[in-house]
Amino acid sequence: MVYKVRMKKDDYFKINNKIISTNLEINGDDVTFEIEGGSYNILKRTNYEFKLIESAKTKLLRFVSHYGLLITGVLFLLSILYMNIYRVSTIEFNRYTPINDEIEYRIKSSFRTLFCFDFCNLDYEQFSKEMQVKYFEYPHISVTRRNNTISVYIANVDEINYEVAENQVGDIVAKKDGIVDNFYVYSGKALVSKNKYVKSGDILIEGNMRVGGLVMGTTYDKLVLELPKKTQVIETTAEKDEYYGLNIFGWSLNFGKDCNYELFDKKENTLFNLFDFISFKKIAECKKNAIIKEYSHDDAYKLAIKKIEDDFDNHLVNELEHIVGITMTKDEETDDAYVFTFIIKKYESIGTFQAKE
């Protein structure tokens with residue numbers, strides 16, 4: 001460290017051969033100069049008077065030199081405490097519903113990874129309102145955070161203590177033709193009754209400032225599926241290549257990569273991520289093969305049924321929905337494909353939110 005000193009000129013020239021000084025300035029009977037730590041200690045051991053002149057920078061450097069480790073420790077502790085405010089370890093739901101996966105995906109999409117930890121800075125109140133508008137079939141949805149856990153509460157239709165999002169201004173209208181079975185009105189005026197036939201576009205629940213409700217009904221859909229007799233299928237093998245990837249400001253470098261598969265599934269596990277500027281990941285590539293598969297008539301029929309069921313399951317809104325029956329009404333075959341015509345009877349939510357102009 002450099003010290004700036006002022007002392008009498010006569011005294012300085014008596015000891016200047018014992019110290020190393022720089023930036024010497026003579027002002028009348030006084031002299032000002034700079035010395036480093038060793039010379040400063042020598043000067044202190046003499047009997048000559050001197051005055052230490054410190055700038056703000058010198059004072060700061062002196063403070064840091066004395067308390068550097070303490071400052072580093074305090075800053076590290078404060079950083080850990082600050083990061084812990086936003087760190088997320090788990091996402092919990094109060095019950096299972098078909099919309100759990102989508103809400104969890106929306107939450108995780110906002111995550112940022114740092115030092116193997118996930119952080120989330122969602123506006124939970126606003127996010128809760130967005131979910132209530134999107135999934136108006138549920139009486140109430142709230143997303144909150146306590147400690148390191150995000151809790152998602154989805155009210156059931158038989159719960160009476162609920163609040164409907166204030167910005168649901170509109171009506172719930174029929175998205176398809178159907179016969180009304182049960183309906184639950186959380187906010188608004190019901191314009192339907194049990195066993196009433198409704199057409200697409202009919203208003204089911206009329207809203208004023210707010211609207212919320214669930215209308216369940218029986219519907220019938222006609223679906224034509226054409227399945228090729230031969231198709232290329234991509235299958236994942238047991239062969240796998242694991243390596244590490246380093247990304248620095250958009251520049252990527254891989255360590256330990258041995259294989260270059262033409263087709264593969266890629267899975268990444270982030271070990272370190274500094275605000276997407278620097279990241280370190282463990283990567284696994286699973287090899288995939290393309291094969292030609294031939295289907296018999298029975299295989300194609302079973303695949304068609306599975307496609308119908310999977311598509312229905314992927315679009316479930318609530319746990320009350322289910323397929324009542326699937327009836328094949330026509331079975332055709334061409335040179336290259338099987339063509340099936342089905343009538344699908346469903347018990348499903350038939351309402352959709354329509355904002356008022």
# chains A, B, ... in the order shown; residues from 1 in each chain; ligands from 1
$ residues_around --residues "segment 272-286 of chain A" --least-positions-apart "2" --cutoff "9 Å" --atoms "only C-alpha atoms" --output "NGL selection string"
:A and (112-117 or 236-250 or 259 or 261 or 263-270 or 288)
$ write_last_selection --atoms "N, CA, C and O atoms" --output "short mmCIF file (atom, residue, chain, number, x, y, z; two decimals), in the first residue's frame"
data_model
loop_
_atom_site.label_atom_id
_atom_site.label_comp_id
_atom_site.auth_asym_id
_atom_site.auth_seq_id
_atom_site.Cartn_x
_atom_site.Cartn_y
_atom_site.Cartn_z
N ARG A 112 -34.64 -20.14 -13.61
CA ARG A 112 -33.27 -19.89 -14.02
C ARG A 112 -32.36 -20.69 -13.09
O ARG A 112 -32.60 -20.74 -11.88
N THR A 113 -31.32 -21.31 -13.64
CA THR A 113 -30.44 -22.18 -12.86
C THR A 113 -29.14 -21.46 -12.55
O THR A 113 -28.51 -20.87 -13.42
N LEU A 114 -28.73 -21.53 -11.27
CA LEU A 114 -27.45 -20.97 -10.84
C LEU A 114 -26.88 -21.87 -9.74
O LEU A 114 -27.55 -22.16 -8.75
N PHE A 115 -25.65 -22.34 -9.96
CA PHE A 115 -24.99 -23.23 -9.00
C PHE A 115 -25.87 -24.45 -8.67
O PHE A 115 -26.05 -24.82 -7.51
N CYS A 116 -26.45 -25.04 -9.70
CA CYS A 116 -27.28 -26.26 -9.56
C CYS A 116 -28.61 -26.00 -8.87
O CYS A 116 -29.36 -26.95 -8.60
N PHE A 117 -28.94 -24.75 -8.55
CA PHE A 117 -30.21 -24.44 -7.91
C PHE A 117 -31.13 -23.74 -8.90
O PHE A 117 -30.68 -23.02 -9.80
N THR A 236 -35.68 -45.74 -29.99
CA THR A 236 -34.49 -45.42 -29.19
C THR A 236 -33.80 -46.71 -28.77
O THR A 236 -34.43 -47.65 -28.30
N THR A 237 -32.47 -46.74 -28.93
CA THR A 237 -31.68 -47.91 -28.55
C THR A 237 -31.06 -47.70 -27.17
O THR A 237 -31.21 -46.65 -26.55
N ALA A 238 -30.35 -48.73 -26.71
CA ALA A 238 -29.68 -48.64 -25.41
C ALA A 238 -28.32 -47.96 -25.51
O ALA A 238 -27.70 -47.64 -24.49
N GLU A 239 -27.85 -47.72 -26.74
CA GLU A 239 -26.54 -47.10 -26.94
C GLU A 239 -26.59 -45.63 -26.57
O GLU A 239 -27.49 -44.89 -27.00
N LYS A 240 -25.63 -45.19 -25.78
CA LYS A 240 -25.67 -43.83 -25.26
C LYS A 240 -24.27 -43.23 -25.18
O LYS A 240 -23.30 -43.93 -24.89
N ASP A 241 -24.17 -41.94 -25.43
CA ASP A 241 -22.91 -41.21 -25.33
C ASP A 241 -23.09 -40.08 -24.32
O ASP A 241 -23.97 -39.21 -24.49
N GLU A 242 -22.28 -40.06 -23.26
CA GLU A 242 -22.38 -39.04 -22.23
C GLU A 242 -21.13 -38.16 -22.26
O GLU A 242 -20.00 -38.66 -22.38
N TYR A 243 -21.35 -36.85 -22.14
CA TYR A 243 -20.23 -35.91 -22.16
C TYR A 243 -20.65 -34.63 -21.47
O TYR A 243 -21.79 -34.50 -20.98
N TYR A 244 -19.73 -33.67 -21.40
CA TYR A 244 -20.00 -32.40 -20.74
C TYR A 244 -19.90 -31.26 -21.76
O TYR A 244 -19.09 -31.30 -22.68
N GLY A 245 -20.74 -30.26 -21.56
CA GLY A 245 -20.75 -29.11 -22.46
C GLY A 245 -20.55 -27.81 -21.70
O GLY A 245 -21.20 -27.57 -20.68
N LEU A 246 -19.64 -26.98 -22.19
CA LEU A 246 -19.36 -25.68 -21.60
C LEU A 246 -19.77 -24.60 -22.59
O LEU A 246 -19.37 -24.65 -23.76
N ASN A 247 -20.56 -23.64 -22.13
CA ASN A 247 -21.00 -22.53 -22.97
C ASN A 247 -20.58 -21.22 -22.31
O ASN A 247 -20.96 -20.95 -21.16
N ILE A 248 -19.78 -20.42 -23.03
CA ILE A 248 -19.32 -19.13 -22.51
C ILE A 248 -19.68 -18.06 -23.52
O ILE A 248 -19.12 -18.02 -24.63
N PHE A 249 -20.66 -17.21 -23.16
CA PHE A 249 -21.09 -16.11 -24.02
C PHE A 249 -21.39 -16.58 -25.44
O PHE A 249 -20.99 -15.96 -26.43
N GLY A 250 -22.10 -17.70 -25.53
CA GLY A 250 -22.53 -18.21 -26.84
C GLY A 250 -21.52 -19.12 -27.52
O GLY A 250 -21.83 -19.72 -28.55
N CYS A 259 -19.12 -40.01 -29.80
CA CYS A 259 -19.93 -40.49 -30.93
C CYS A 259 -20.67 -39.35 -31.60
O CYS A 259 -21.00 -38.34 -30.97
N TYR A 261 -24.03 -39.49 -33.54
CA TYR A 261 -25.18 -40.23 -34.03
C TYR A 261 -25.95 -39.40 -35.05
O TYR A 261 -26.07 -38.18 -34.92
N LEU A 263 -29.22 -39.96 -35.66
CA LEU A 263 -30.48 -39.72 -34.96
C LEU A 263 -30.26 -40.00 -33.48
O LEU A 263 -29.67 -41.01 -33.11
N PHE A 264 -30.75 -39.10 -32.62
CA PHE A 264 -30.56 -39.32 -31.18
C PHE A 264 -31.53 -38.45 -30.38
O PHE A 264 -32.05 -37.44 -30.86
N ASP A 265 -31.76 -38.89 -29.14
CA ASP A 265 -32.47 -38.09 -28.14
C ASP A 265 -31.43 -37.42 -27.27
O ASP A 265 -30.47 -38.07 -26.82
N LYS A 266 -31.62 -36.15 -27.00
CA LYS A 266 -30.63 -35.40 -26.23
C LYS A 266 -31.24 -34.95 -24.91
O LYS A 266 -32.29 -34.32 -24.88
N LYS A 267 -30.55 -35.30 -23.80
CA LYS A 267 -30.99 -34.87 -22.48
C LYS A 267 -29.86 -34.09 -21.82
O LYS A 267 -28.71 -34.50 -21.86
N GLU A 268 -30.23 -32.95 -21.24
CA GLU A 268 -29.23 -32.08 -20.62
C GLU A 268 -29.54 -31.87 -19.15
O GLU A 268 -30.70 -31.67 -18.78
N ASN A 269 -28.51 -31.91 -18.33
CA ASN A 269 -28.64 -31.64 -16.90
C ASN A 269 -27.69 -30.49 -16.56
O ASN A 269 -26.48 -30.64 -16.64
N THR A 270 -28.26 -29.34 -16.23
CA THR A 270 -27.46 -28.15 -15.96
C THR A 270 -26.79 -28.25 -14.60
O THR A 270 -27.46 -28.36 -13.57
N LYS A 288 -30.84 -43.37 -31.83
CA LYS A 288 -32.13 -43.80 -32.35
C LYS A 288 -31.94 -44.39 -33.74
O LYS A 288 -31.07 -43.94 -34.50
#
$ select_by_dssp --residues "segment 226-331 of chain A" --states "strand (DSSP E or B)" --output "PDB file with C-alpha atoms, in the first residue's frame"
ATOM      1  CA  GLU A 226     -56.258 -43.082 -42.352  1.00  0.00           C
ATOM      2  CA  LEU A 227     -53.333 -45.236 -41.245  1.00  0.00           C
ATOM      3  CA  PRO A 228     -50.603 -46.289 -43.708  1.00  0.00           C
ATOM      4  CA  LYS A 230     -46.114 -49.212 -43.911  1.00  0.00           C
ATOM      5  CA  THR A 231     -44.469 -46.442 -41.963  1.00  0.00           C
ATOM      6  CA  GLN A 232     -41.057 -45.400 -40.747  1.00  0.00           C
ATOM      7  CA  VAL A 233     -40.733 -45.715 -36.987  1.00  0.00           C
ATOM      8  CA  ILE A 234     -38.005 -44.102 -34.901  1.00  0.00           C
ATOM      9  CA  GLU A 235     -36.899 -46.309 -31.992  1.00  0.00           C
ATOM     10  CA  THR A 236     -34.494 -45.424 -29.193  1.00  0.00           C
ATOM     11  CA  THR A 237     -31.678 -47.914 -28.553  1.00  0.00           C
ATOM     12  CA  ALA A 238     -29.684 -48.643 -25.407  1.00  0.00           C
ATOM     13  CA  GLU A 239     -26.540 -47.105 -26.939  1.00  0.00           C
ATOM     14  CA  LYS A 240     -25.670 -43.828 -25.257  1.00  0.00           C
ATOM     15  CA  ASP A 241     -22.910 -41.210 -25.326  1.00  0.00           C
ATOM     16  CA  GLU A 242     -22.376 -39.036 -22.226  1.00  0.00           C
ATOM     17  CA  TYR A 243     -20.229 -35.913 -22.162  1.00  0.00           C
ATOM     18  CA  TYR A 244     -19.996 -32.396 -20.744  1.00  0.00           C
ATOM     19  CA  GLY A 245     -20.749 -29.106 -22.455  1.00  0.00           C
ATOM     20  CA  LEU A 246     -19.364 -25.676 -21.599  1.00  0.00           C
ATOM     21  CA  ASN A 247     -20.998 -22.528 -22.967  1.00  0.00           C
ATOM     22  CA  ILE A 248     -19.317 -19.131 -22.514  1.00  0.00           C
ATOM     23  CA  TRP A 251     -19.302 -20.108 -27.529  1.00  0.00           C
ATOM     24  CA  SER A 252     -19.666 -23.876 -26.952  1.00  0.00           C
ATOM     25  CA  LEU A 253     -17.107 -26.552 -26.147  1.00  0.00           C
ATOM     26  CA  ASN A 254     -17.748 -30.254 -25.524  1.00  0.00           C
ATOM     27  CA  PHE A 255     -15.609 -32.525 -23.331  1.00  0.00           C
ATOM     28  CA  PHE A 264     -30.556 -39.320 -31.182  1.00  0.00           C
ATOM     29  CA  ASP A 265     -32.471 -38.091 -28.143  1.00  0.00           C
ATOM     30  CA  LYS A 266     -30.631 -35.403 -26.226  1.00  0.00           C
ATOM     31  CA  LYS A 267     -30.986 -34.874 -22.479  1.00  0.00           C
ATOM     32  CA  GLU A 268     -29.228 -32.082 -20.624  1.00  0.00           C
ATOM     33  CA  ASN A 269     -28.638 -31.636 -16.902  1.00  0.00           C
ATOM     34  CA  THR A 270     -27.456 -28.148 -15.965  1.00  0.00           C
ATOM     35  CA  LEU A 271     -24.699 -28.281 -13.339  1.00  0.00           C
ATOM     36  CA  PHE A 272     -23.923 -24.569 -13.373  1.00  0.00           C
ATOM     37  CA  ASN A 273     -25.540 -21.569 -15.019  1.00  0.00           C
ATOM     38  CA  LEU A 274     -24.565 -17.949 -14.491  1.00  0.00           C
ATOM     39  CA  ILE A 278     -21.743 -19.136 -18.601  1.00  0.00           C
ATOM     40  CA  SER A 279     -23.180 -22.630 -18.225  1.00  0.00           C
ATOM     41  CA  PHE A 280     -21.853 -26.113 -17.634  1.00  0.00           C
ATOM     42  CA  LYS A 281     -24.017 -29.127 -18.458  1.00  0.00           C
ATOM     43  CA  LYS A 282     -23.922 -32.892 -18.400  1.00  0.00           C
ATOM     44  CA  ILE A 283     -25.305 -34.166 -21.697  1.00  0.00           C
ATOM     45  CA  ALA A 284     -26.516 -37.618 -22.721  1.00  0.00           C
ATOM     46  CA  GLU A 285     -27.292 -38.574 -26.323  1.00  0.00           C
ATOM     47  CA  CYS A 286     -29.292 -41.794 -26.808  1.00  0.00           C
ATOM     48  CA  LYS A 287     -28.968 -43.310 -30.265  1.00  0.00           C
ATOM     49  CA  LYS A 288     -32.133 -43.801 -32.345  1.00  0.00           C
ATOM     50  CA  ASN A 289     -32.723 -46.025 -35.371  1.00  0.00           C
ATOM     51  CA  ALA A 290     -35.209 -45.552 -38.200  1.00  0.00           C
ATOM     52  CA  ILE A 291     -36.962 -48.787 -39.165  1.00  0.00           C
ATOM     53  CA  ILE A 292     -39.789 -49.628 -41.558  1.00  0.00           C
ATOM     54  CA  LYS A 293     -42.786 -51.173 -39.800  1.00  0.00           C
ATOM     55  CA  GLU A 294     -45.699 -52.942 -41.476  1.00  0.00           C
ATOM     56  CA  HIS A 322     -64.001 -39.421 -20.149  1.00  0.00           C
ATOM     57  CA  ILE A 323     -64.780 -41.309 -23.349  1.00  0.00           C
ATOM     58  CA  VAL A 324     -68.130 -43.064 -23.079  1.00  0.00           C
ATOM     59  CA  GLY A 325     -67.726 -45.206 -26.181  1.00  0.00           C
ATOM     60  CA  ILE A 326     -65.998 -45.583 -29.560  1.00  0.00           C
ATOM     61  CA  THR A 327     -67.977 -47.138 -32.415  1.00  0.00           C
ATOM     62  CA  MET A 328     -66.516 -47.942 -35.846  1.00  0.00           C
ATOM     63  CA  THR A 329     -69.085 -47.195 -38.579  1.00  0.00           C
ATOM     64  CA  LYS A 330     -66.971 -47.782 -41.691  1.00  0.00           C
ATOM     65  CA  ASP A 331     -63.905 -49.895 -42.472  1.00  0.00           C
TER      66      ASP A 331
END
$ select_by_dssp --residues "segment 119-350 of chain A" --states "helix (DSSP H, G or I)" --output "count of residues only"
29
$ closest_atom_pairs --of "segment 261-327 of chain A" --to "segment 140-162 of chain A" --cutoff "12 Å" --atoms "only C-alpha atoms" --output "JSON lines"
{"residue": "A:Asn318", "atom": "CA", "partner": "A:Asn156", "partner_atom": "CA", "distance": 10.0}
{"residue": "A:Glu319", "atom": "CA", "partner": "A:Asn156", "partner_atom": "CA", "distance": 10.3}
{"residue": "A:Leu320", "atom": "CA", "partner": "A:Val157", "partner_atom": "CA", "distance": 10.6}
$ closest_residue --among "A:Glu137, A:Glu357, A:Asp171, A:Glu309" --to "Gly207 of chain A" --atoms "only C-alpha atoms"
A:Asp171
$ residues_around --residues "Gly170 of chain A" --least-positions-apart "3" --cutoff "9 Å" --atoms "only C-alpha atoms" --output "list in words"
Glu206, Gly207, Asn208, Met209, Arg210, Val211, Phe353, Gln354, Ala355, Lys356 and Glu357 of chain A
$ residues_around --residues "segment 199-205 of chain A" --least-positions-apart "4" --cutoff "8 Å" --atoms "only C-alpha atoms" --output "list in words"
Asp171, Ile172, Val173, Ala174, Lys175, Lys176, Asp177, Gly178, Val185, Gly188, Lys189, Ala190, Leu191, Val192, Val211, Gly212, Gly213, Val215 and Gly351 of chain A
$ write_last_selection --atoms "N, CA, C and O atoms" --output "compact mmCIF listing (two decimals), in the first residue's frame"
# COMPACT_ATOMS: atom_id res chain seq x y z
N ASP A 171 -68.52 -14.23 -21.45
CA ASP A 171 -69.49 -15.30 -21.27
C ASP A 171 -68.81 -16.64 -21.48
O ASP A 171 -67.73 -16.73 -22.08
N ILE A 172 -69.44 -17.68 -20.98
CA ILE A 172 -69.02 -19.04 -21.30
C ILE A 172 -70.01 -19.57 -22.33
O ILE A 172 -71.21 -19.66 -22.06
N VAL A 173 -69.51 -19.90 -23.51
CA VAL A 173 -70.36 -20.33 -24.62
C VAL A 173 -70.02 -21.78 -24.98
O VAL A 173 -68.94 -22.29 -24.65
N ALA A 174 -70.95 -22.43 -25.69
CA ALA A 174 -70.73 -23.82 -26.11
C ALA A 174 -69.70 -23.86 -27.24
O ALA A 174 -69.82 -23.13 -28.22
N LYS A 175 -68.69 -24.73 -27.09
CA LYS A 175 -67.68 -24.87 -28.14
C LYS A 175 -68.07 -25.93 -29.15
O LYS A 175 -67.43 -26.06 -30.19
N LYS A 176 -69.14 -26.70 -28.86
CA LYS A 176 -69.63 -27.73 -29.78
C LYS A 176 -71.05 -28.10 -29.38
O LYS A 176 -71.52 -27.76 -28.29
N ASP A 177 -71.74 -28.80 -30.25
CA ASP A 177 -73.09 -29.28 -29.94
C ASP A 177 -73.01 -30.36 -28.87
O ASP A 177 -72.08 -31.16 -28.83
N GLY A 178 -74.04 -30.40 -28.00
CA GLY A 178 -74.07 -31.43 -26.97
C GLY A 178 -75.30 -31.34 -26.11
O GLY A 178 -76.11 -30.41 -26.22
N VAL A 185 -71.95 -23.10 -11.54
CA VAL A 185 -71.76 -21.67 -11.80
C VAL A 185 -71.05 -21.05 -10.61
O VAL A 185 -71.57 -21.06 -9.49
N GLY A 188 -71.74 -15.48 -12.41
CA GLY A 188 -72.50 -15.26 -13.63
C GLY A 188 -73.90 -15.86 -13.51
O GLY A 188 -74.32 -16.33 -12.45
N LYS A 189 -74.60 -15.88 -14.62
CA LYS A 189 -75.99 -16.36 -14.66
C LYS A 189 -76.10 -17.54 -15.61
O LYS A 189 -75.74 -17.46 -16.78
N ALA A 190 -76.62 -18.67 -15.10
CA ALA A 190 -76.77 -19.86 -15.91
C ALA A 190 -77.93 -19.71 -16.88
O ALA A 190 -79.03 -19.31 -16.50
N LEU A 191 -77.69 -20.04 -18.16
CA LEU A 191 -78.74 -20.00 -19.18
C LEU A 191 -79.02 -21.41 -19.71
O LEU A 191 -79.60 -21.55 -20.79
N VAL A 192 -78.62 -22.42 -18.95
CA VAL A 192 -78.82 -23.80 -19.38
C VAL A 192 -79.53 -24.58 -18.27
O VAL A 192 -79.64 -24.10 -17.13
N VAL A 211 -67.10 -13.94 -14.75
CA VAL A 211 -67.79 -15.17 -15.12
C VAL A 211 -66.88 -16.36 -14.83
O VAL A 211 -65.66 -16.29 -15.00
N GLY A 212 -67.47 -17.43 -14.34
CA GLY A 212 -66.71 -18.65 -14.08
C GLY A 212 -67.68 -19.80 -13.90
O GLY A 212 -68.75 -19.65 -13.31
N GLY A 213 -67.36 -20.95 -14.45
CA GLY A 213 -68.25 -22.08 -14.30
C GLY A 213 -67.82 -23.26 -15.14
O GLY A 213 -66.96 -23.14 -16.02
N VAL A 215 -69.52 -26.52 -17.38
CA VAL A 215 -70.70 -27.14 -17.97
C VAL A 215 -70.27 -28.46 -18.59
O VAL A 215 -69.47 -28.48 -19.52
N GLY A 351 -67.92 -25.99 -22.52
CA GLY A 351 -67.88 -24.53 -22.51
C GLY A 351 -66.52 -23.98 -22.85
O GLY A 351 -65.49 -24.63 -22.63
$ closest_residue --among "A:Leu61, A:Ile26, A:Val169, A:Leu69" --to "Lys8 of chain A" --atoms "only C-alpha atoms"
A:Ile26
$ closest_residue --among "A:Lys346, A:Lys51, A:Lys196, A:Arg87" --to "Thr32 of chain A" --atoms "only C-alpha atoms"
A:Lys51
$ residues_around --residues "Tyr48 of chain A" --least-positions-apart "6" --cutoff "10 Å" --atoms "only C-alpha atoms" --output "list in words"
Met7, Lys8, Asp11, Tyr12, Lys14 and Ile15 of chain A
$ closest_residue --among "A:Phe119, A:Ser39, A:Phe76, A:Asn100" --to "Asn17 of chain A" --atoms "only C-alpha atoms"
A:Ser39
$ closest_atom_pairs --of "segment 181-244 of chain A" --to "segment 341-345 of chain A" --cutoff "8 Å" --atoms "only C-alpha atoms" --output "tab-separated table"
residue	atom	partner	partner_atom	distance
A:Thr218	CA	A:Lys345	CA	7.1
A:Thr219	CA	A:Lys345	CA	5.8
A:Tyr220	CA	A:Lys345	CA	4.7
A:Asp221	CA	A:Ile344	CA	5.1
A:Lys222	CA	A:Ile343	CA	4.7
A:Leu223	CA	A:Phe342	CA	5.2
A:Val224	CA	A:Thr341	CA	4.4
A:Leu225	CA	A:Thr341	CA	6.4
